[in-house]
Amino acid sequence: MSVFIIRRLMQSVIVVAVMSLIVFVGVNVVGDPVDMLINPEADQAEIERVIRDLGLDRPLHEQYLYFVGNAFEGDLGKSFVFGESALKLIVQRMPATFELAFSALLMAIVIGVPFGVYAGMRPNAISSRTIMAGSILGFSLPTFWVGLMMIMVFAVMLGWLPSTGRGDTVEIFGIEVSFLTADGLSHLLMPALNLALLKISLVIRLARAGTREAMHQDYVKFARAKGLSETRVILVHVLKNIMIPVVTVLGLEFGSLIAFSVVTETVFAWPGMGKLLIDALHNLDRPIIVAYLMMIVLVFVIINLIVDIFYSVLDPRVRLKDAGQ
Amino acid sequence: MTSDTPTLDVRDLKTHFFTKAGVARAVDGVSFTVGKGEVVGLVGESGSGKSVTGFSIIGLVDPPGRVVSGEVRFKGQNLLDLKAEQMRKLRGNRIAMIFQDPMMTLNPVLRVDTQMVETIRAHDASVSKADALARARDALGQVGIPAPDERLRSYPHQFSGGMRQRVAIAIALLNKPDLIIADEPTTALDVTIQGQILYEAQKLCRETGTSMIWITHDLAVVAGLADKICVMYGGRIVEQGLIDDVLDHPVHPYTRGLLGSVPGHNTRGHRLYQIPGMAPSLLNLPEGCAFQARCPKADDACKALPHITNPVPGREIRCFHPHLDQDEEIGA
Amino acid sequence: MSDAAEQTTAHAVDPVKVETPLQRFVSDYADNKISVVAFIVLVGIIFIAIFAPWISPTDPYDLAKVSIFDSKLEPGTKSMDGVTFWLGTDSAGRDLLSSIFYGLRISLGVGVMSGVIALCIGSAIGLIAAYYGGRIDTLIMRIVDIQLSFPAILVALILISVLGKGVDKVIIALVLVQWAYYARTVRGSALVERNKEYIEAATCLALGNNRIVFRHLMPNCLPPLIVVGTVQTAHAISLEATLSFLGVGLPITEPSLGLLIANGFEVMLSGLYWVSFFPGIALLITIVSINLVGDQLRDVLNPRLQK
């Protein structure tokens, strides 16, 4: 187990190192570093001073080490637009993105599992086929367009939900969250559902496949032979068995939710990291782009690492062995 | 209920599977009775319809299978007339079932106590959790599981196969049923464990007066356990009677073939008899007697369905050519 | 498997029904009515994409013909010179139907082109990994695994941030996002094929490496490649639309469906739903029909499911 963790840890470190190299080479070789890192409006003296400060007059491998050294100290440059540390700006926006992604994850389970279980119980019923057709559609629908249509219907036409922003937030443990206020919740609902859409389709498929398999297992038949009600057979015996793969897969998908939140945040003007990135791309605010890339790679690698470790722990036999002793 | 009403009286039961490839008549006109405290062995090869008979009685035939006709009278009441909810109340309560593979019957992600307590509370919600746990503990002790208190908090995978089957039997016993249907419960176990389980089962039936249907393909198992035997072939009972009578003087050619292929103390040095051919597919059973293609005595008469006859007292068979001369050599 | 084998022999001994593989493929495919409809729709979409300049009611990018007086017209209204705008017009007065036809042309073009390039590069790399094995294989597959552990949109965003905007940049980004899928698919099926006897026979005949790889290995990897290719093309189209919508994809001189939707976004809050609704529907129909065709191809080309 610990050997596995150490190996996975080393692999993650390598990935981060490689990604930092790619970002560095991307900024310094493919693009013009002066262009990328210095405010285009700076005058000649300022440019020369910054070039010296950043060590851009030195050889490339030294520059890379310098870049990495700075990154370790949390210095990835200052935003041209905000004039603040790029890293700090990213970290400030992180809770909003995580809140969105977690809400989407929750929705995927709350909506996806019941539909999937239902479709798995009656695979040939028309209602189940409709659910499956819906999930195929969910896979094909472009997220951003669905977001637009949601705004169109629920915000513009019906006027039920606000279309942009986070709404009122409350601070817990020093982090601003939306879901604890009614206004914040109404702001959160549409973006979270939009982001969850793909994952709902995924969970429906997983839950359906798991249910179909479980329904043919002897333990389900035995549970029926014990005279349990159908409700208990499904809610306890079947559900508990399918939740392990569903939760595991969703954990693996959490990173992709963070990545896709770039789209949802843009559509709903949700003030998270993704929105910051897109704005930075438009404004050519390069330090932010670099900081975002390094941050997202780090977040991603950490999530993958955690999920991988959990995955090995969650494996039913391993998990149960631990729980029983 | 009068004293001579049998615990279970199955009459002309037909369960068919409506598959895309055609209708499989898995159970096709099965009749037998199980008296109070009686153990009936239901014997046959795989695919003979014996398990489906068991599932038809307890009302758990999976689609595309369906009970087509017949009666299943349990203490006088036809179970096929019951509504789903009424049937659920009987299952696990008055009629319990034990399955073939103990590795698969217990839910792997639920603790044993959960799986036992729910069985009690599904039929009597007024039982407190503590009382239910106490009953569960007693049931585990009854089937010979040491340290039941500790074992209750375990997960199924922490038990061996034999222990799991004991747990399954304990679950079946929880509500003191009138009838237990045991579907090859010892097939997947070691021979020594099998013996222990059989001994426990027999003891329990004697002590509690529970009736039992023991489904198996192993004649040796029923020989030591059952009071009556029903031999199934191709979805029908071809011969039934008291266990010793049937084993000593089999009348149906199939039963004779089956007995002839069991090694015994006087078969050493002789070539064991083998029934020629293979068990037919339920999808294309021949018209008439299902055994005709493999039967040494088959002729044109067998193309029609043989009715149930009583060639010897206390014996029911479906055959036009029963072996009434007992000196005739098996397989001749 | 045994089932499939039995069925195949049944086919072989059946003298009446001698079908060419293509005929069987077509009849298997036609089993599912929805897939047939999807195929017809897809052909229609490709037709529109290719012939957009000739079949569009108007040329939405000919400034001389677009009138600002026709702007923001609802679907079905007639223009000043009597042309009906079936799907309405946008804020610049362009006919939306024509814009969608042109947009399909760009979206499909970018998607297919990136798909084809990725397919070539990816399968070449996959074949190399499978054929040479050992360290080369390990290295290539490690890179593939790491890339596939990041979602496509993130990889695309990283690449776009580094590369900058432009048609060529988007195509490069899409190719770099997709190649790994092709590499993995080809390597997988090539490894299965490699151990079969005919490859051994070809090696014994001392045929050149290239010849074995391209004449013998490659054709056998084709069925899974076709399936992955359809699904990936749908992904590429969707991804390009997303990037363009975010304003980091195609430049405004190449108005793909994604850009049309983004355009509509700006006026949507004032109630002009159609400007982003219809291009989205066009995008949806395109992706769904490709996915449905891909699904059926997978079933038909999968030897295990073959009837």
# chains A, B, ... in the order shown; residues from 1 in each chain; ligands from 1
>>> interface_residues(of="chain C", to="chain A", cutoff="10 Å", atoms="only C-alpha atoms", output="PyMOL selection string")
chain C and resi 143+146-147+149-155+157-165+234-235+237-239+241-243+245-248+258+261-262+264-265+268-273+276-277+279-281+283-292
>>> closest_atom_pairs(of="chain B", to="chain A", cutoff="10 Å", atoms="only C-alpha atoms", output="JSON lines")
{"residue": "B:Phe55", "atom": "CA", "partner": "A:Ala225", "partner_atom": "CA", "distance": 9.2}
{"residue": "B:Ile58", "atom": "CA", "partner": "A:Ala225", "partner_atom": "CA", "distance": 7.4}
{"residue": "B:Gly59", "atom": "CA", "partner": "A:Ala225", "partner_atom": "CA", "distance": 8.7}
{"residue": "B:Leu60", "atom": "CA", "partner": "A:Ala225", "partner_atom": "CA", "distance": 7.5}
{"residue": "B:Val61", "atom": "CA", "partner": "A:Lys221", "partner_atom": "CA", "distance": 9.7}
{"residue": "B:Asp62", "atom": "CA", "partner": "A:His216", "partner_atom": "CA", "distance": 8.8}
{"residue": "B:Glu85", "atom": "CA", "partner": "A:Ser229", "partner_atom": "CA", "distance": 8.3}
{"residue": "B:Gln86", "atom": "CA", "partner": "A:Gly227", "partner_atom": "CA", "distance": 10.0}
{"residue": "B:Met87", "atom": "CA", "partner": "A:Gly227", "partner_atom": "CA", "distance": 8.2}
{"residue": "B:Arg88", "atom": "CA", "partner": "A:Gly227", "partner_atom": "CA", "distance": 4.8}
{"residue": "B:Lys89", "atom": "CA", "partner": "A:Gly227", "partner_atom": "CA", "distance": 6.0}
{"residue": "B:Leu90", "atom": "CA", "partner": "A:Gly227", "partner_atom": "CA", "distance": 6.9}
{"residue": "B:Arg91", "atom": "CA", "partner": "A:Gly227", "partner_atom": "CA", "distance": 4.5}
{"residue": "B:Gly92", "atom": "CA", "partner": "A:Lys226", "partner_atom": "CA", "distance": 3.8}
{"residue": "B:Asn93", "atom": "CA", "partner": "A:Gly227", "partner_atom": "CA", "distance": 7.0}
{"residue": "B:Arg94", "atom": "CA", "partner": "A:Gly227", "partner_atom": "CA", "distance": 9.8}
{"residue": "B:Ile95", "atom": "CA", "partner": "A:Ala225", "partner_atom": "CA", "distance": 8.6}
{"residue": "B:Ala96", "atom": "CA", "partner": "A:Ala225", "partner_atom": "CA", "distance": 6.6}
{"residue": "B:Met97", "atom": "CA", "partner": "A:Ala225", "partner_atom": "CA", "distance": 6.2}
{"residue": "B:Ile98", "atom": "CA", "partner": "A:Phe222", "partner_atom": "CA", "distance": 7.8}
{"residue": "B:Phe99", "atom": "CA", "partner": "A:Phe222", "partner_atom": "CA", "distance": 7.4}
{"residue": "B:Gln100", "atom": "CA", "partner": "A:Asp218", "partner_atom": "CA", "distance": 9.1}
{"residue": "B:Asp101", "atom": "CA", "partner": "A:Asp218", "partner_atom": "CA", "distance": 8.2}
{"residue": "B:Pro102", "atom": "CA", "partner": "A:Asp218", "partner_atom": "CA", "distance": 9.2}
{"residue": "B:Met103", "atom": "CA", "partner": "A:Asp218", "partner_atom": "CA", "distance": 9.2}
{"residue": "B:Met104", "atom": "CA", "partner": "A:Asp218", "partner_atom": "CA", "distance": 5.6}
{"residue": "B:Thr105", "atom": "CA", "partner": "A:Tyr219", "partner_atom": "CA", "distance": 4.2}
{"residue": "B:Leu106", "atom": "CA", "partner": "A:Tyr219", "partner_atom": "CA", "distance": 5.2}
{"residue": "B:Asn107", "atom": "CA", "partner": "A:Tyr219", "partner_atom": "CA", "distance": 5.2}
{"residue": "B:Pro108", "atom": "CA", "partner": "A:Asn241", "partner_atom": "CA", "distance": 8.1}
{"residue": "B:Val109", "atom": "CA", "partner": "A:Asn241", "partner_atom": "CA", "distance": 6.5}
{"residue": "B:Leu110", "atom": "CA", "partner": "A:His237", "partner_atom": "CA", "distance": 7.8}
{"residue": "B:Arg111", "atom": "CA", "partner": "A:Gly324", "partner_atom": "CA", "distance": 9.0}
{"residue": "B:Gln115", "atom": "CA", "partner": "A:Ala223", "partner_atom": "CA", "distance": 8.4}
{"residue": "B:Met116", "atom": "CA", "partner": "A:Lys226", "partner_atom": "CA", "distance": 9.3}
{"residue": "B:Glu118", "atom": "CA", "partner": "A:Leu228", "partner_atom": "CA", "distance": 7.5}
{"residue": "B:Thr119", "atom": "CA", "partner": "A:Lys226", "partner_atom": "CA", "distance": 5.8}
{"residue": "B:Ile120", "atom": "CA", "partner": "A:Lys226", "partner_atom": "CA", "distance": 8.9}
{"residue": "B:Arg121", "atom": "CA", "partner": "A:Leu228", "partner_atom": "CA", "distance": 8.9}
{"residue": "B:Ala122", "atom": "CA", "partner": "A:Leu228", "partner_atom": "CA", "distance": 5.6}
{"residue": "B:His123", "atom": "CA", "partner": "A:Gly227", "partner_atom": "CA", "distance": 7.5}
{"residue": "B:Arg153", "atom": "CA", "partner": "A:Gly324", "partner_atom": "CA", "distance": 7.7}
{"residue": "B:Ser154", "atom": "CA", "partner": "A:Gly324", "partner_atom": "CA", "distance": 6.0}
{"residue": "B:Tyr155", "atom": "CA", "partner": "A:Gly324", "partner_atom": "CA", "distance": 6.7}
{"residue": "B:Pro156", "atom": "CA", "partner": "A:Leu320", "partner_atom": "CA", "distance": 9.6}
{"residue": "B:His157", "atom": "CA", "partner": "A:Arg317", "partner_atom": "CA", "distance": 8.0}
{"residue": "B:Gln158", "atom": "CA", "partner": "A:Lys321", "partner_atom": "CA", "distance": 7.9}
{"residue": "B:Ala168", "atom": "CA", "partner": "A:Phe222", "partner_atom": "CA", "distance": 9.1}
{"residue": "B:Ile171", "atom": "CA", "partner": "A:Lys226", "partner_atom": "CA", "distance": 7.9}
{"residue": "B:Ala172", "atom": "CA", "partner": "A:Lys226", "partner_atom": "CA", "distance": 7.4}
{"residue": "B:Leu174", "atom": "CA", "partner": "A:Lys226", "partner_atom": "CA", "distance": 9.8}
{"residue": "B:Asn175", "atom": "CA", "partner": "A:Lys226", "partner_atom": "CA", "distance": 9.7}
>>> write_last_selection(atoms="C-alpha atoms", output="PDB file, in the first residue's frame")
ATOM      1  CA  PHE B  55     -38.750 -20.765  -7.298  1.00  0.00           C
ATOM      2  CA  ILE B  58     -41.969 -19.266  -3.465  1.00  0.00           C
ATOM      3  CA  GLY B  59     -43.084 -16.957  -6.303  1.00  0.00           C
ATOM      4  CA  LEU B  60     -39.678 -15.763  -7.448  1.00  0.00           C
ATOM      5  CA  VAL B  61     -39.499 -16.876 -11.065  1.00  0.00           C
ATOM      6  CA  ASP B  62     -37.503 -14.279 -12.991  1.00  0.00           C
ATOM      7  CA  GLU B  85     -47.828  -8.136  -0.990  1.00  0.00           C
ATOM      8  CA  GLN B  86     -49.533 -11.174   0.583  1.00  0.00           C
ATOM      9  CA  MET B  87     -46.952 -13.417  -1.038  1.00  0.00           C
ATOM     10  CA  ARG B  88     -44.127 -11.212   0.278  1.00  0.00           C
ATOM     11  CA  LYS B  89     -45.485 -11.646   3.812  1.00  0.00           C
ATOM     12  CA  LEU B  90     -45.273 -15.423   3.437  1.00  0.00           C
ATOM     13  CA  ARG B  91     -41.760 -15.411   1.996  1.00  0.00           C
ATOM     14  CA  GLY B  92     -39.030 -15.669   4.586  1.00  0.00           C
ATOM     15  CA  ASN B  93     -41.762 -16.020   7.178  1.00  0.00           C
ATOM     16  CA  ARG B  94     -43.845 -19.171   6.575  1.00  0.00           C
ATOM     17  CA  ILE B  95     -41.850 -20.352   3.548  1.00  0.00           C
ATOM     18  CA  ALA B  96     -38.092 -19.845   3.514  1.00  0.00           C
ATOM     19  CA  MET B  97     -35.520 -20.650   0.911  1.00  0.00           C
ATOM     20  CA  ILE B  98     -31.827 -21.519   0.944  1.00  0.00           C
ATOM     21  CA  PHE B  99     -29.796 -21.061  -2.211  1.00  0.00           C
ATOM     22  CA  GLN B 100     -27.132 -23.055  -3.910  1.00  0.00           C
ATOM     23  CA  ASP B 101     -24.031 -20.878  -3.726  1.00  0.00           C
ATOM     24  CA  PRO B 102     -23.361 -19.537  -0.227  1.00  0.00           C
ATOM     25  CA  MET B 103     -20.706 -17.225  -1.685  1.00  0.00           C
ATOM     26  CA  MET B 104     -23.372 -15.349  -3.615  1.00  0.00           C
ATOM     27  CA  THR B 105     -26.462 -15.390  -1.405  1.00  0.00           C
ATOM     28  CA  LEU B 106     -25.353 -12.996   1.302  1.00  0.00           C
ATOM     29  CA  ASN B 107     -25.029  -9.352   0.341  1.00  0.00           C
ATOM     30  CA  PRO B 108     -21.289  -8.587   0.381  1.00  0.00           C
ATOM     31  CA  VAL B 109     -21.632  -5.003   1.587  1.00  0.00           C
ATOM     32  CA  LEU B 110     -24.022  -5.560   4.506  1.00  0.00           C
ATOM     33  CA  ARG B 111     -23.117  -6.943   7.888  1.00  0.00           C
ATOM     34  CA  GLN B 115     -29.170  -9.073   6.983  1.00  0.00           C
ATOM     35  CA  MET B 116     -30.665 -11.082   9.838  1.00  0.00           C
ATOM     36  CA  GLU B 118     -34.155  -7.090   8.479  1.00  0.00           C
ATOM     37  CA  THR B 119     -35.562 -10.569   7.926  1.00  0.00           C
ATOM     38  CA  ILE B 120     -37.307 -10.464  11.290  1.00  0.00           C
ATOM     39  CA  ARG B 121     -38.484  -6.881  11.056  1.00  0.00           C
ATOM     40  CA  ALA B 122     -39.782  -7.262   7.491  1.00  0.00           C
ATOM     41  CA  HIS B 123     -42.479  -9.535   8.927  1.00  0.00           C
ATOM     42  CA  ARG B 153     -20.900  -7.935  13.437  1.00  0.00           C
ATOM     43  CA  SER B 154     -18.925  -9.530  10.604  1.00  0.00           C
ATOM     44  CA  TYR B 155     -19.233  -9.141   6.867  1.00  0.00           C
ATOM     45  CA  PRO B 156     -20.013 -12.217   4.750  1.00  0.00           C
ATOM     46  CA  HIS B 157     -16.549 -12.410   3.207  1.00  0.00           C
ATOM     47  CA  GLN B 158     -15.122 -13.040   6.674  1.00  0.00           C
ATOM     48  CA  ALA B 168     -28.131 -18.561   5.244  1.00  0.00           C
ATOM     49  CA  ILE B 171     -31.686 -16.659   8.252  1.00  0.00           C
ATOM     50  CA  ALA B 172     -34.167 -19.148   6.803  1.00  0.00           C
ATOM     51  CA  LEU B 174     -35.361 -16.954  11.900  1.00  0.00           C
ATOM     52  CA  ASN B 175     -39.132 -16.799  11.598  1.00  0.00           C
TER      53      ASN B 175
END
>>> closest_residue(among="C:Ile50, C:Val167, C:Val293, C:Val43", to="Val231 of chain C", atoms="only C-alpha atoms")
C:Val293
>>> residues_around(residues="Arg93 of chain A", least_positions_apart="5", cutoff="7 Å", atoms="only C-alpha atoms", output="PyMOL selection string")
chain A and resi 271-273
>>> select_by_dssp(residues="segment 48-207 of chain B", states="helix (DSSP H, G or I)", output="PyMOL selection string")
chain B and resi 50-58+79-81+84-90+102-105+112-121+129-142+148-152+156-158+161-173+191-207
>>> atom_distance(atom1="atom CA of Val177 of chain C", atom2="atom CA of Gly109 of chain C")
16.9 Å
>>> atom_distance(atom1="atom CA of Ala202 of chain C", atom2="atom CA of Met218 of chain C")
13.7 Å
>>> select_by_dssp(residues="segment 66-300 of chain B", states="strand (DSSP E)", output="MDAnalysis selection string")
chainID B and resid 66:74 77:78 95:98 179:183 211:216 228:233 236:242
>>> closest_residue(among="B:Val39, B:Ala220, B:Cys319, B:Leu283", to="Leu259 of chain B", atoms="only C-alpha atoms")
B:Ala220
>>> atom_distance(atom1="atom CA of Thr138 of chain C", atom2="atom CA of Ala183 of chain C")
12.7 Å
>>> residues_around(residues="Tyr199 of chain B", least_positions_apart="6", cutoff="10 Å", atoms="only C-alpha atoms", output="ChimeraX atom specification")
/B:193,224-225
>>> write_last_selection(atoms="all heavy atoms", output="mmCIF file, in the first residue's frame")
data_model
loop_
_atom_site.group_PDB
_atom_site.id
_atom_site.type_symbol
_atom_site.label_atom_id
_atom_site.label_comp_id
_atom_site.auth_asym_id
_atom_site.auth_seq_id
_atom_site.Cartn_x
_atom_site.Cartn_y
_atom_site.Cartn_z
ATOM 1 N N ILE B 193 -18.130 -30.802 5.162
ATOM 2 C CA ILE B 193 -19.039 -29.715 5.561
ATOM 3 C C ILE B 193 -20.447 -30.087 5.153
ATOM 4 O O ILE B 193 -21.408 -29.863 5.886
ATOM 5 C CB ILE B 193 -18.633 -28.406 4.852
ATOM 6 C CG1 ILE B 193 -17.136 -28.182 4.940
ATOM 7 C CG2 ILE B 193 -19.443 -27.239 5.366
ATOM 8 C CD1 ILE B 193 -16.664 -27.295 6.007
ATOM 9 N N GLY B 224 -29.916 -40.198 2.586
ATOM 10 C CA GLY B 224 -29.802 -40.170 4.032
ATOM 11 C C GLY B 224 -30.704 -39.158 4.702
ATOM 12 O O GLY B 224 -30.730 -39.050 5.917
ATOM 13 N N LEU B 225 -31.417 -38.382 3.925
ATOM 14 C CA LEU B 225 -32.095 -37.222 4.493
ATOM 15 C C LEU B 225 -33.608 -37.248 4.295
ATOM 16 O O LEU B 225 -34.367 -36.965 5.208
ATOM 17 C CB LEU B 225 -31.511 -35.953 3.838
ATOM 18 C CG LEU B 225 -32.139 -34.622 4.186
ATOM 19 C CD1 LEU B 225 -31.732 -34.203 5.579
ATOM 20 C CD2 LEU B 225 -31.712 -33.560 3.180
#
>>> residues_around(residues="Leu133 of chain B", least_positions_apart="5", cutoff="10 Å", atoms="only C-alpha atoms", output="VMD selection string")
chain B and resid 113 to 114 116 to 118 120 127 to 128 138 to 139 149 152
